[in-house]
Each structure stands twice: as structure tokens, then as C-alpha cells.
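S.K.: Below is protein_18.pdb; it holds PDB, C-alpha atoms and all ligand atoms.
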```pdb
ATOM      1  CA  MET A   3      41.641 -41.822 -37.535  1.00  0.00           C
ATOM      2  CA  THR A   4      41.218 -39.764 -34.336  1.00  0.00           C
ATOM      3  CA  PRO A   5      37.552 -39.532 -33.300  1.00  0.00           C
ATOM      4  CA  VAL A   6      36.152 -35.987 -33.315  1.00  0.00           C
ATOM      5  CA  ALA A   7      33.234 -34.336 -31.585  1.00  0.00           C
ATOM      6  CA  THR A   8      30.208 -33.867 -33.852  1.00  0.00           C
ATOM      7  CA  VAL A   9      27.551 -31.171 -33.995  1.00  0.00           C
ATOM      8  CA  PHE A  10      23.979 -32.330 -34.604  1.00  0.00           C
ATOM      9  CA  ALA A  11      20.444 -30.911 -34.566  1.00  0.00           C
ATOM     10  CA  VAL A  12      18.633 -31.987 -31.406  1.00  0.00           C
ATOM     11  CA  ARG A  13      15.249 -33.437 -32.220  1.00  0.00           C
ATOM     12  CA  GLN A  14      14.918 -36.153 -29.603  1.00  0.00           C
ATOM     13  CA  ILE A  15      13.306 -35.372 -26.314  1.00  0.00           C
ATOM     14  CA  THR A  16      15.592 -38.056 -24.838  1.00  0.00           C
ATOM     15  CA  ASP A  17      18.466 -35.568 -25.208  1.00  0.00           C
ATOM     16  CA  LEU A  18      16.661 -33.020 -23.009  1.00  0.00           C
ATOM     17  CA  PRO A  19      18.129 -34.196 -19.634  1.00  0.00           C
ATOM     18  CA  ALA A  20      21.676 -33.658 -20.929  1.00  0.00           C
ATOM     19  CA  LEU A  21      20.799 -30.148 -22.115  1.00  0.00           C
ATOM     20  CA  LEU A  22      19.102 -29.324 -18.812  1.00  0.00           C
ATOM     21  CA  ARG A  23      22.090 -30.514 -16.806  1.00  0.00           C
ATOM     22  CA  ILE A  24      24.424 -28.190 -18.747  1.00  0.00           C
ATOM     23  CA  GLU A  25      21.881 -25.354 -18.609  1.00  0.00           C
ATOM     24  CA  LEU A  26      21.560 -25.666 -14.806  1.00  0.00           C
ATOM     25  CA  ALA A  27      25.335 -25.723 -14.393  1.00  0.00           C
ATOM     26  CA  SER A  28      25.725 -22.610 -16.571  1.00  0.00           C
ATOM     27  CA  PHE A  29      23.072 -20.037 -15.659  1.00  0.00           C
ATOM     28  CA  SER A  30      21.563 -18.496 -12.517  1.00  0.00           C
ATOM     29  CA  ARG A  31      18.180 -18.324 -14.261  1.00  0.00           C
ATOM     30  CA  PRO A  32      18.136 -21.473 -16.400  1.00  0.00           C
ATOM     31  CA  TRP A  33      15.566 -22.333 -19.012  1.00  0.00           C
ATOM     32  CA  THR A  34      12.939 -24.760 -17.711  1.00  0.00           C
ATOM     33  CA  PRO A  35      12.032 -28.067 -19.409  1.00  0.00           C
ATOM     34  CA  ALA A  36       8.865 -26.378 -20.717  1.00  0.00           C
ATOM     35  CA  MET A  37      10.932 -23.637 -22.370  1.00  0.00           C
ATOM     36  CA  PHE A  38      13.080 -26.243 -24.123  1.00  0.00           C
ATOM     37  CA  GLN A  39       9.992 -28.134 -25.245  1.00  0.00           C
ATOM     38  CA  GLN A  40       8.550 -24.927 -26.659  1.00  0.00           C
ATOM     39  CA  ALA A  41      11.814 -24.369 -28.527  1.00  0.00           C
ATOM     40  CA  PHE A  42      11.700 -27.892 -30.007  1.00  0.00           C
ATOM     41  CA  ALA A  43       8.120 -27.291 -31.149  1.00  0.00           C
ATOM     42  CA  ASP A  44       8.825 -23.905 -32.756  1.00  0.00           C
ATOM     43  CA  PRO A  45       9.722 -24.278 -36.451  1.00  0.00           C
ATOM     44  CA  HIS A  46      11.847 -21.094 -36.324  1.00  0.00           C
ATOM     45  CA  THR A  47      13.993 -22.320 -33.439  1.00  0.00           C
ATOM     46  CA  ILE A  48      17.148 -24.361 -33.975  1.00  0.00           C
ATOM     47  CA  VAL A  49      18.764 -26.433 -31.215  1.00  0.00           C
ATOM     48  CA  LEU A  50      22.226 -27.782 -32.000  1.00  0.00           C
ATOM     49  CA  ALA A  51      24.362 -29.865 -29.649  1.00  0.00           C
ATOM     50  CA  VAL A  52      27.885 -31.183 -29.749  1.00  0.00           C
ATOM     51  CA  ARG A  53      28.469 -34.849 -28.992  1.00  0.00           C
ATOM     52  CA  ASP A  54      31.892 -35.541 -27.533  1.00  0.00           C
ATOM     53  CA  THR A  55      34.001 -38.495 -28.595  1.00  0.00           C
ATOM     54  CA  ASP A  56      32.715 -40.478 -25.573  1.00  0.00           C
ATOM     55  CA  GLY A  57      29.146 -40.151 -26.914  1.00  0.00           C
ATOM     56  CA  THR A  58      27.911 -37.645 -24.336  1.00  0.00           C
ATOM     57  CA  ILE A  59      26.550 -34.179 -25.071  1.00  0.00           C
ATOM     58  CA  ALA A  60      29.176 -31.568 -24.170  1.00  0.00           C
ATOM     59  CA  GLY A  61      27.282 -28.393 -25.031  1.00  0.00           C
ATOM     60  CA  PHE A  62      24.488 -26.836 -27.028  1.00  0.00           C
ATOM     61  CA  VAL A  63      23.293 -23.676 -28.728  1.00  0.00           C
ATOM     62  CA  VAL A  64      19.762 -22.393 -29.320  1.00  0.00           C
ATOM     63  CA  GLY A  65      18.963 -19.884 -32.048  1.00  0.00           C
ATOM     64  CA  ARG A  66      15.915 -18.476 -33.764  1.00  0.00           C
ATOM     65  CA  VAL A  67      15.707 -17.306 -37.355  1.00  0.00           C
ATOM     66  CA  VAL A  68      13.062 -14.700 -38.067  1.00  0.00           C
ATOM     67  CA  ALA A  69      13.034 -13.113 -41.525  1.00  0.00           C
ATOM     68  CA  ASP A  70      16.690 -12.426 -42.295  1.00  0.00           C
ATOM     69  CA  GLU A  71      17.957 -12.326 -38.706  1.00  0.00           C
ATOM     70  CA  LEU A  72      19.320 -15.021 -36.459  1.00  0.00           C
ATOM     71  CA  GLU A  73      19.039 -14.472 -32.726  1.00  0.00           C
ATOM     72  CA  ILE A  74      21.266 -16.671 -30.603  1.00  0.00           C
ATOM     73  CA  LEU A  75      19.394 -17.367 -27.377  1.00  0.00           C
ATOM     74  CA  ILE A  76      21.673 -19.764 -25.470  1.00  0.00           C
ATOM     75  CA  VAL A  77      25.209 -21.087 -25.772  1.00  0.00           C
ATOM     76  CA  ALA A  78      26.390 -23.394 -23.002  1.00  0.00           C
ATOM     77  CA  VAL A  79      29.174 -25.918 -22.602  1.00  0.00           C
ATOM     78  CA  ASP A  80      29.581 -28.472 -19.812  1.00  0.00           C
ATOM     79  CA  PRO A  81      31.854 -26.797 -17.207  1.00  0.00           C
ATOM     80  CA  ASP A  82      34.211 -29.793 -17.319  1.00  0.00           C
ATOM     81  CA  ARG A  83      34.650 -29.469 -21.068  1.00  0.00           C
ATOM     82  CA  ARG A  84      35.120 -25.756 -21.554  1.00  0.00           C
ATOM     83  CA  ARG A  85      38.069 -24.248 -23.364  1.00  0.00           C
ATOM     84  CA  GLN A  86      38.298 -27.146 -25.802  1.00  0.00           C
ATOM     85  CA  GLY A  87      36.733 -25.359 -28.757  1.00  0.00           C
ATOM     86  CA  MET A  88      33.187 -26.674 -28.231  1.00  0.00           C
ATOM     87  CA  GLY A  89      31.592 -23.248 -27.793  1.00  0.00           C
ATOM     88  CA  GLN A  90      33.217 -21.943 -30.943  1.00  0.00           C
ATOM     89  CA  ARG A  91      32.133 -24.979 -32.960  1.00  0.00           C
ATOM     90  CA  LEU A  92      28.565 -24.571 -31.764  1.00  0.00           C
ATOM     91  CA  VAL A  93      28.329 -20.867 -32.582  1.00  0.00           C
ATOM     92  CA  LEU A  94      29.938 -21.373 -35.998  1.00  0.00           C
ATOM     93  CA  ALA A  95      27.531 -24.220 -36.774  1.00  0.00           C
ATOM     94  CA  MET A  96      24.605 -22.038 -35.740  1.00  0.00           C
ATOM     95  CA  LEU A  97      25.823 -19.163 -37.937  1.00  0.00           C
ATOM     96  CA  ASP A  98      26.144 -21.576 -40.880  1.00  0.00           C
ATOM     97  CA  LEU A  99      22.665 -22.971 -40.390  1.00  0.00           C
ATOM     98  CA  GLY A 100      21.174 -19.527 -39.853  1.00  0.00           C
ATOM     99  CA  ARG A 101      22.831 -18.377 -43.077  1.00  0.00           C
ATOM    100  CA  GLU A 102      21.422 -21.409 -44.908  1.00  0.00           C
ATOM    101  CA  GLN A 103      17.983 -20.471 -43.619  1.00  0.00           C
ATOM    102  CA  GLY A 104      18.284 -16.937 -44.959  1.00  0.00           C
ATOM    103  CA  ALA A 105      19.783 -14.988 -42.067  1.00  0.00           C
ATOM    104  CA  ARG A 106      21.972 -12.078 -43.124  1.00  0.00           C
ATOM    105  CA  ALA A 107      22.779 -10.886 -39.597  1.00  0.00           C
ATOM    106  CA  ALA A 108      22.969 -12.409 -36.135  1.00  0.00           C
ATOM    107  CA  SER A 109      22.502 -10.923 -32.678  1.00  0.00           C
ATOM    108  CA  LEU A 110      22.810 -12.000 -29.071  1.00  0.00           C
ATOM    109  CA  GLU A 111      22.893 -10.565 -25.585  1.00  0.00           C
ATOM    110  CA  VAL A 112      25.499 -11.228 -22.918  1.00  0.00           C
ATOM    111  CA  ARG A 113      26.231 -10.145 -19.364  1.00  0.00           C
ATOM    112  CA  ARG A 114      28.821  -7.401 -19.152  1.00  0.00           C
ATOM    113  CA  SER A 115      30.976  -9.520 -16.785  1.00  0.00           C
ATOM    114  CA  ASN A 116      30.927 -12.630 -19.010  1.00  0.00           C
ATOM    115  CA  ARG A 117      34.448 -12.310 -20.304  1.00  0.00           C
ATOM    116  CA  ALA A 118      34.622 -15.842 -21.723  1.00  0.00           C
ATOM    117  CA  ALA A 119      31.503 -15.467 -23.851  1.00  0.00           C
ATOM    118  CA  ARG A 120      32.402 -11.931 -24.975  1.00  0.00           C
ATOM    119  CA  ARG A 121      35.839 -13.067 -26.113  1.00  0.00           C
ATOM    120  CA  LEU A 122      34.292 -15.973 -27.990  1.00  0.00           C
ATOM    121  CA  TYR A 123      31.748 -13.770 -29.798  1.00  0.00           C
ATOM    122  CA  GLU A 124      34.263 -11.045 -30.602  1.00  0.00           C
ATOM    123  CA  ARG A 125      36.657 -13.498 -32.118  1.00  0.00           C
ATOM    124  CA  LEU A 126      33.863 -14.821 -34.344  1.00  0.00           C
ATOM    125  CA  GLY A 127      33.106 -11.348 -35.726  1.00  0.00           C
ATOM    126  CA  PHE A 128      30.383 -10.085 -33.392  1.00  0.00           C
ATOM    127  CA  GLN A 129      30.562  -6.413 -32.450  1.00  0.00           C
ATOM    128  CA  ARG A 130      29.052  -4.731 -29.442  1.00  0.00           C
ATOM    129  CA  GLU A 131      26.362  -2.284 -30.541  1.00  0.00           C
ATOM    130  CA  ALA A 132      24.203  -1.468 -27.519  1.00  0.00           C
ATOM    131  CA  VAL A 133      23.806  -1.761 -23.763  1.00  0.00           C
ATOM    132  CA  ARG A 134      20.641  -2.670 -21.887  1.00  0.00           C
ATOM    133  CA  GLN A 135      21.101  -1.174 -18.446  1.00  0.00           C
ATOM    134  CA  ALA A 136      20.430  -3.543 -15.534  1.00  0.00           C
ATOM    135  CA  TYR A 137      18.842  -6.082 -17.859  1.00  0.00           C
ATOM    136  CA  TYR A 138      19.906  -9.253 -16.052  1.00  0.00           C
ATOM    137  CA  GLN A 139      18.814 -10.420 -12.583  1.00  0.00           C
ATOM    138  CA  ASP A 140      20.681 -12.666 -10.114  1.00  0.00           C
ATOM    139  CA  PRO A 141      22.934 -10.681 -10.031  1.00  0.00           C
ATOM    140  CA  LEU A 142      21.641  -7.432 -11.488  1.00  0.00           C
ATOM    141  CA  GLU A 143      23.815  -6.526 -14.438  1.00  0.00           C
ATOM    142  CA  ASP A 144      23.856  -4.751 -17.794  1.00  0.00           C
ATOM    143  CA  GLY A 145      23.260  -6.738 -20.944  1.00  0.00           C
ATOM    144  CA  LEU A 146      25.500  -6.057 -23.935  1.00  0.00           C
ATOM    145  CA  ILE A 147      23.934  -6.529 -27.342  1.00  0.00           C
ATOM    146  CA  TYR A 148      26.225  -7.867 -30.027  1.00  0.00           C
ATOM    147  CA  TRP A 149      25.614  -8.085 -33.764  1.00  0.00           C
ATOM    148  CA  HIS A 150      27.300  -9.940 -36.568  1.00  0.00           C
ATOM    149  CA  ARG A 151      26.225  -8.122 -39.697  1.00  0.00           C
ATOM    150  CA  ALA A 152      28.364  -9.878 -42.261  1.00  0.00           C
ATOM    151  CA  LEU A 153      26.634 -13.235 -42.699  1.00  0.00           C
ATOM    152  CA  SER A 154      27.136 -13.403 -46.430  1.00  0.00           C
ATOM    153  CA  PRO A 155      24.904 -15.688 -48.513  1.00  0.00           C
ATOM    154  CA  SER A 156      26.244 -19.258 -48.631  1.00  0.00           C
TER     155      SER A 156
HETATM  156  C1  LIG B 201      30.988 -19.081 -23.068  1.00  0.00           C
HETATM  157  C2  LIG B 201      31.173 -20.598 -23.289  1.00  0.00           C
HETATM  158  C3  LIG B 201      29.976 -21.127 -24.063  1.00  0.00           C
HETATM  159  C4  LIG B 201      32.469 -20.829 -24.081  1.00  0.00           C
HETATM  160  O1  LIG B 201      32.546 -22.206 -24.382  1.00  0.00           O
HETATM  161  P1  LIG B 201      33.961 -22.954 -24.571  1.00  0.00           P
HETATM  162  O2  LIG B 201      33.691 -24.268 -25.193  1.00  0.00           O
HETATM  163  O3  LIG B 201      34.712 -22.946 -23.304  1.00  0.00           O
HETATM  164  O4  LIG B 201      34.666 -21.964 -25.614  1.00  0.00           O
HETATM  165  P2  LIG B 201      35.845 -22.341 -26.636  1.00  0.00           P
HETATM  166  O5  LIG B 201      36.743 -23.371 -26.026  1.00  0.00           O
HETATM  167  O6  LIG B 201      35.239 -22.655 -27.955  1.00  0.00           O
HETATM  168  O7  LIG B 201      36.620 -20.971 -26.694  1.00  0.00           O
HETATM  169  C5  LIG B 201      36.804 -20.244 -27.884  1.00  0.00           C
HETATM  170  C6  LIG B 201      37.455 -18.913 -27.546  1.00  0.00           C
HETATM  171  O8  LIG B 201      36.593 -18.129 -26.712  1.00  0.00           O
HETATM  172  C7  LIG B 201      37.389 -17.399 -25.759  1.00  0.00           C
HETATM  173  N1  LIG B 201      37.197 -17.940 -24.399  1.00  0.00           N
HETATM  174  C8  LIG B 201      36.472 -19.023 -24.052  1.00  0.00           C
HETATM  175  N2  LIG B 201      36.500 -19.189 -22.707  1.00  0.00           N
HETATM  176  C9  LIG B 201      37.285 -18.200 -22.220  1.00  0.00           C
HETATM  177  C10 LIG B 201      37.678 -17.833 -20.911  1.00  0.00           C
HETATM  178  N3  LIG B 201      37.285 -18.552 -19.822  1.00  0.00           N
HETATM  179  N4  LIG B 201      38.438 -16.729 -20.760  1.00  0.00           N
HETATM  180  C11 LIG B 201      38.829 -15.994 -21.825  1.00  0.00           C
HETATM  181  N5  LIG B 201      38.499 -16.303 -23.120  1.00  0.00           N
HETATM  182  C12 LIG B 201      37.721 -17.385 -23.291  1.00  0.00           C
HETATM  183  C13 LIG B 201      38.836 -17.633 -26.174  1.00  0.00           C
HETATM  184  O9  LIG B 201      39.138 -16.674 -27.153  1.00  0.00           O
HETATM  185  C14 LIG B 201      38.738 -19.028 -26.771  1.00  0.00           C
HETATM  186  O10 LIG B 201      39.784 -19.328 -27.645  1.00  0.00           O
HETATM  187  P3  LIG B 201      41.156 -19.939 -27.041  1.00  0.00           P
HETATM  188  O11 LIG B 201      40.778 -21.073 -26.126  1.00  0.00           O
HETATM  189  O12 LIG B 201      41.871 -20.383 -28.288  1.00  0.00           O
HETATM  190  O13 LIG B 201      41.808 -18.810 -26.322  1.00  0.00           O
HETATM  191  C15 LIG B 201      31.316 -21.335 -21.906  1.00  0.00           C
HETATM  192  O14 LIG B 201      32.286 -20.676 -21.134  1.00  0.00           O
HETATM  193  C16 LIG B 201      30.029 -21.444 -21.123  1.00  0.00           C
HETATM  194  O15 LIG B 201      29.229 -22.370 -21.314  1.00  0.00           O
HETATM  195  N6  LIG B 201      29.784 -20.481 -20.199  1.00  0.00           N
HETATM  196  C17 LIG B 201      28.602 -20.504 -19.364  1.00  0.00           C
HETATM  197  C18 LIG B 201      27.370 -20.177 -20.160  1.00  0.00           C
HETATM  198  C19 LIG B 201      27.483 -18.816 -20.816  1.00  0.00           C
HETATM  199  O16 LIG B 201      27.939 -17.856 -20.238  1.00  0.00           O
HETATM  200  N7  LIG B 201      27.019 -18.731 -22.078  1.00  0.00           N
HETATM  201  C20 LIG B 201      27.008 -17.527 -22.846  1.00  0.00           C
HETATM  202  C21 LIG B 201      25.825 -16.715 -22.456  1.00  0.00           C
HETATM  203  S1  LIG B 201      25.616 -15.316 -23.515  1.00  0.00           S
END
```
What is this file in C-alpha cells?
M.R.:
Amino acid sequence: MTPVATVFAVRQITDLPALLRIELASFSRPWTPAMFQQAFADPHTIVLAVRDTDGTIAGFVVGRVVADELEILIVAVDPDRRRQGMGQRLVLAMLDLGREQGARAASLEVRRSNRAARRLYERLGFQREAVRQAYYQDPLEDGLIYWHRALSPS
């Protein structure tokens, strides 16, 4: 059987360096180790990662479920392993878990120029609902707020 990449919930602090490496390679204002540790400690926050067939972590997603809403805070895939379906798997896994935990809708924010991420979210059913003018720094840019309002009960 062909080996496949697997999505798992990150609970081990030993996985943090892999997440940080991808985070640093992906964002101009990356989360710090302390921010990740806070996320691990928060019972509402979910961190999922995808382990590639070679055993290394290829990407991760962070989300937070509050009441019946899931907010997706980060999605990032190793630059060398993009466009292989990892991002989509991660977001779908997060939507499934959020749904299991009672979320009925999901939201996220993305830079206006981030064509790759916008395409990914749109194809998974997210719709653009609002704009936050000049929300992002480095470089200054609008943030687009997307919602997925059809997370039906599982
Ligand atoms: C956005 C990101 C997570 C996508 O991850 P990925 O693993 O490359 O995405 P996938 O391979 O699952 O792509 C799924 C679909 O998304 C869209 N997509 C992904 N990358 C794209 C690109 N560079 N250009 C256009 N569409 C793209 C396509 O529709 C793609 O399907 P296809 O390959 O069949 O055409 C990745 O580019 C990344 O880590 N970017 C830097 C961090 C970031 O911007 N995160 C989002 C912040 S809100």
C-alpha cells in the first residue's frame, strides 16, 4: 500500500521546532514560541499538523472553538511541500474537528494579496464577508474576513 501523509493533533512540545520553522518561513510576523505554548495550554485551541510520508511535519493549522464558532488562526505549509494538497487536508481536518466540538460556522482572516490562501478557502466553501482596512503590517495591507456558515452537525 502507498504510504500517505497523516493529520494528527499536536500535543508534544518536541514538535514545536518543526512548527516554528514552517511559521518563520511563511509569515513576516510569525508567532513566537511563547504564543505556541499558550495555544497548547488553552483548552479551546486546537493545533493539528500533517506528517509527511518521510515522518517530518509538512504543515500545521491552529484553530480556536468558542461557543459555536471556529476561528482559524494559522494555516502554514512548508514552502518545499506546497501545492500537494497538505493545506487543504489541514483545513478540512480542522473544520471536521471544529464541527465535532460544536462549531456551526468558521471564520478566518487573510491578506488581500494572498491568492494561494484565498483560492484554498474559497474552494472549501468560505465566502468573503468583510474587509479590515490596513489591518496587516509588514507590508501594510487590508485583511479580508471569510466565513464558512454551513458547518452542518456531524
Ligand atoms: C496557503 C497555503 C497554506 C496552501 O497550502 P498548500 O498545501 O500549498 O495548498 P494545497 O496544495 O492544499 O492547495 C489546495 C488548493 O488551494 C489553491 N492554491 C494553493 N496554492 C495556490 C497557489 N500558489 N496559487 C493558486 N491557487 C493555490 C488551489 O485551488 C489548490 O488546488 P489545486 O492545487 O488542485 O489547484 C500555503 O501556500 C502556505 O503555507 N502559504 C504561506 C502561509 C499562508 O499564507 N497561510 C495562510 C494565511 S491566512
S.K.: Convert the output of the PyMOL selection byres (((chain A and resi 154) around 10) and not hetatm) on the shown file into explicit residues, formatted as a list in words.
M.R.: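 Applied to this file, the PyMOL selection byres (((chain A and resi 154) around 10) and not hetatm) selects Asp98, Arg101, Glu102, Gly104, Ala105, Arg106, Ala107, Arg151, Ala152, Leu153, Pro155 and Ser156 of chain A.
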S.K.: How would the residues just picked look written out with C-alpha atoms as an mmCIF file, keeping the file's coordinate frame?
M.R.:
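That gives us out38.cif:
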```cif
data_model
loop_
_atom_site.group_PDB
_atom_site.id
_atom_site.type_symbol
_atom_site.label_atom_id
_atom_site.label_comp_id
_atom_site.auth_asym_id
_atom_site.auth_seq_id
_atom_site.Cartn_x
_atom_site.Cartn_y
_atom_site.Cartn_z
ATOM 1 C CA ASP A 98 26.144 -21.576 -40.880
ATOM 2 C CA ARG A 101 22.831 -18.377 -43.077
ATOM 3 C CA GLU A 102 21.422 -21.409 -44.908
ATOM 4 C CA GLY A 104 18.284 -16.937 -44.959
ATOM 5 C CA ALA A 105 19.783 -14.988 -42.067
ATOM 6 C CA ARG A 106 21.972 -12.078 -43.124
ATOM 7 C CA ALA A 107 22.779 -10.886 -39.597
ATOM 8 C CA ARG A 151 26.225 -8.122 -39.697
ATOM 9 C CA ALA A 152 28.364 -9.878 -42.261
ATOM 10 C CA LEU A 153 26.634 -13.235 -42.699
ATOM 11 C CA PRO A 155 24.904 -15.688 -48.513
ATOM 12 C CA SER A 156 26.244 -19.258 -48.631
#
```
S.K.: Atom CA of A:Gly100 and atom CA of A:Trp149 are how many Å apart?
M.R.: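 That distance, rounded to one decimal, is 13.7 Å.
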S.K.: Rank A:Thr16, A:Gln90, A:Thr8, A:Thr47 by their smallest atom-to-atom distance to ligand LIG 201 (chain B), using all atoms listed in the file, and report the top residue only.
M.R.: A:Gln90
S.K.: Interatomic distance between atom CA of A:Gln40 and atom CA of A:Leu72?
M.R.: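 We find that atom CA of A:Gln40 and atom CA of A:Leu72 lie 17.6 Å from each other.
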S.K.: Nearest residue to A:Ile74 out of A:Val112, A:Val133, A:Leu142, A:Ala51, using all atoms listed in the file?
M.R.: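 Of all the options, A:Val112 lies closest to A:Ile74.
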S.K.: Counting all atoms listed in the file, select every polymer residue within 9 Å of (15.9, -23.0, -27.9) as defined in the file's coordinates, and provide the selection as an MDAnalysis selection string.
M.R.: chainID A and resid 33 37:42 44 47:50 63:66 74:76
S.K.: How would the residues just chosen look if you wrote them out with C-alpha atoms as a PDB file, in the coordinates of the input?
M.R.:
```pdb
ATOM      1  CA  TRP A  33      15.566 -22.333 -19.012  1.00  0.00           C
ATOM      2  CA  MET A  37      10.932 -23.637 -22.370  1.00  0.00           C
ATOM      3  CA  PHE A  38      13.080 -26.243 -24.123  1.00  0.00           C
ATOM      4  CA  GLN A  39       9.992 -28.134 -25.245  1.00  0.00           C
ATOM      5  CA  GLN A  40       8.550 -24.927 -26.659  1.00  0.00           C
ATOM      6  CA  ALA A  41      11.814 -24.369 -28.527  1.00  0.00           C
ATOM      7  CA  PHE A  42      11.700 -27.892 -30.007  1.00  0.00           C
ATOM      8  CA  ASP A  44       8.825 -23.905 -32.756  1.00  0.00           C
ATOM      9  CA  THR A  47      13.993 -22.320 -33.439  1.00  0.00           C
ATOM     10  CA  ILE A  48      17.148 -24.361 -33.975  1.00  0.00           C
ATOM     11  CA  VAL A  49      18.764 -26.433 -31.215  1.00  0.00           C
ATOM     12  CA  LEU A  50      22.226 -27.782 -32.000  1.00  0.00           C
ATOM     13  CA  VAL A  63      23.293 -23.676 -28.728  1.00  0.00           C
ATOM     14  CA  VAL A  64      19.762 -22.393 -29.320  1.00  0.00           C
ATOM     15  CA  GLY A  65      18.963 -19.884 -32.048  1.00  0.00           C
ATOM     16  CA  ARG A  66      15.915 -18.476 -33.764  1.00  0.00           C
ATOM     17  CA  ILE A  74      21.266 -16.671 -30.603  1.00  0.00           C
ATOM     18  CA  LEU A  75      19.394 -17.367 -27.377  1.00  0.00           C
ATOM     19  CA  ILE A  76      21.673 -19.764 -25.470  1.00  0.00           C
TER      20      ILE A  76
END
```
S.K.: Calculate how many Å separate atom CA of A:His150 from atom O4 of ligand LIG 201 (chain B), rounding to one decimal.
M.R.: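 Distance between the two atoms: 17.9 Å.
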S.K.: Let me make sure I understand: among A:Ala69, A:Val52, A:Leu146, A:Leu99, which one has the smallest atom-to-atom distance to A:Tyr123 if we use all atoms listed in the file?
M.R.: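 The closest residue to A:Tyr123 is A:Leu146.
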S.K.: Could you complete stretch 69-90 of chain A so that it carries N, CA and C atoms, and give it back as a PDB file, keeping the file's coordinate frame?
M.R.:
```pdb
ATOM      1  N   ALA A  69      12.712 -13.883 -40.309  1.00  0.00           N
ATOM      2  CA  ALA A  69      13.034 -13.113 -41.525  1.00  0.00           C
ATOM      3  C   ALA A  69      14.520 -13.305 -41.825  1.00  0.00           C
ATOM      4  N   ASP A  70      15.286 -12.233 -41.933  1.00  0.00           N
ATOM      5  CA  ASP A  70      16.690 -12.426 -42.295  1.00  0.00           C
ATOM      6  C   ASP A  70      17.631 -12.216 -41.109  1.00  0.00           C
ATOM      7  N   GLU A  71      17.111 -12.475 -39.896  1.00  0.00           N
ATOM      8  CA  GLU A  71      17.957 -12.326 -38.706  1.00  0.00           C
ATOM      9  C   GLU A  71      17.965 -13.585 -37.850  1.00  0.00           C
ATOM     10  N   LEU A  72      19.144 -13.908 -37.398  1.00  0.00           N
ATOM     11  CA  LEU A  72      19.320 -15.021 -36.459  1.00  0.00           C
ATOM     12  C   LEU A  72      19.557 -14.433 -35.078  1.00  0.00           C
ATOM     13  N   GLU A  73      18.762 -14.880 -34.103  1.00  0.00           N
ATOM     14  CA  GLU A  73      19.039 -14.472 -32.726  1.00  0.00           C
ATOM     15  C   GLU A  73      19.543 -15.694 -31.963  1.00  0.00           C
ATOM     16  N   ILE A  74      20.719 -15.561 -31.385  1.00  0.00           N
ATOM     17  CA  ILE A  74      21.266 -16.671 -30.603  1.00  0.00           C
ATOM     18  C   ILE A  74      20.782 -16.493 -29.157  1.00  0.00           C
ATOM     19  N   LEU A  75      20.061 -17.489 -28.680  1.00  0.00           N
ATOM     20  CA  LEU A  75      19.394 -17.367 -27.377  1.00  0.00           C
ATOM     21  C   LEU A  75      20.199 -17.992 -26.242  1.00  0.00           C
ATOM     22  N   ILE A  76      20.859 -19.103 -26.507  1.00  0.00           N
ATOM     23  CA  ILE A  76      21.673 -19.764 -25.470  1.00  0.00           C
ATOM     24  C   ILE A  76      22.912 -20.376 -26.128  1.00  0.00           C
ATOM     25  N   VAL A  77      24.027 -20.269 -25.450  1.00  0.00           N
ATOM     26  CA  VAL A  77      25.209 -21.087 -25.772  1.00  0.00           C
ATOM     27  C   VAL A  77      25.714 -21.593 -24.427  1.00  0.00           C
ATOM     28  N   ALA A  78      25.896 -22.874 -24.279  1.00  0.00           N
ATOM     29  CA  ALA A  78      26.390 -23.394 -23.002  1.00  0.00           C
ATOM     30  C   ALA A  78      27.183 -24.669 -23.229  1.00  0.00           C
ATOM     31  N   VAL A  79      28.297 -24.749 -22.515  1.00  0.00           N
ATOM     32  CA  VAL A  79      29.174 -25.918 -22.602  1.00  0.00           C
ATOM     33  C   VAL A  79      29.344 -26.476 -21.187  1.00  0.00           C
ATOM     34  N   ASP A  80      29.347 -27.778 -21.083  1.00  0.00           N
ATOM     35  CA  ASP A  80      29.581 -28.472 -19.812  1.00  0.00           C
ATOM     36  C   ASP A  80      30.820 -27.867 -19.132  1.00  0.00           C
ATOM     37  N   PRO A  81      30.711 -27.434 -17.873  1.00  0.00           N
ATOM     38  CA  PRO A  81      31.854 -26.797 -17.207  1.00  0.00           C
ATOM     39  C   PRO A  81      33.138 -27.627 -17.262  1.00  0.00           C
ATOM     40  N   ASP A  82      33.002 -28.947 -17.272  1.00  0.00           N
ATOM     41  CA  ASP A  82      34.211 -29.793 -17.319  1.00  0.00           C
ATOM     42  C   ASP A  82      34.834 -29.865 -18.703  1.00  0.00           C
ATOM     43  N   ARG A  83      34.109 -29.343 -19.706  1.00  0.00           N
ATOM     44  CA  ARG A  83      34.650 -29.469 -21.068  1.00  0.00           C
ATOM     45  C   ARG A  83      34.785 -28.117 -21.762  1.00  0.00           C
ATOM     46  N   ARG A  84      34.926 -27.088 -20.961  1.00  0.00           N
ATOM     47  CA  ARG A  84      35.120 -25.756 -21.554  1.00  0.00           C
ATOM     48  C   ARG A  84      36.562 -25.595 -22.007  1.00  0.00           C
ATOM     49  N   ARG A  85      36.737 -24.612 -22.854  1.00  0.00           N
ATOM     50  CA  ARG A  85      38.069 -24.248 -23.364  1.00  0.00           C
ATOM     51  C   ARG A  85      38.688 -25.363 -24.214  1.00  0.00           C
ATOM     52  N   GLN A  86      37.813 -26.123 -24.876  1.00  0.00           N
ATOM     53  CA  GLN A  86      38.298 -27.146 -25.802  1.00  0.00           C
ATOM     54  C   GLN A  86      37.754 -26.903 -27.209  1.00  0.00           C
ATOM     55  N   GLY A  87      37.215 -25.700 -27.419  1.00  0.00           N
ATOM     56  CA  GLY A  87      36.733 -25.359 -28.757  1.00  0.00           C
ATOM     57  C   GLY A  87      35.289 -25.710 -29.027  1.00  0.00           C
ATOM     58  N   MET A  88      34.589 -26.251 -28.019  1.00  0.00           N
ATOM     59  CA  MET A  88      33.187 -26.674 -28.231  1.00  0.00           C
ATOM     60  C   MET A  88      32.271 -25.464 -28.476  1.00  0.00           C
ATOM     61  N   GLY A  89      32.446 -24.427 -27.655  1.00  0.00           N
ATOM     62  CA  GLY A  89      31.592 -23.248 -27.793  1.00  0.00           C
ATOM     63  C   GLY A  89      31.740 -22.631 -29.175  1.00  0.00           C
ATOM     64  N   GLN A  90      32.971 -22.523 -29.616  1.00  0.00           N
ATOM     65  CA  GLN A  90      33.217 -21.943 -30.943  1.00  0.00           C
ATOM     66  C   GLN A  90      32.587 -22.797 -32.045  1.00  0.00           C
TER      67      GLN A  90
END
```
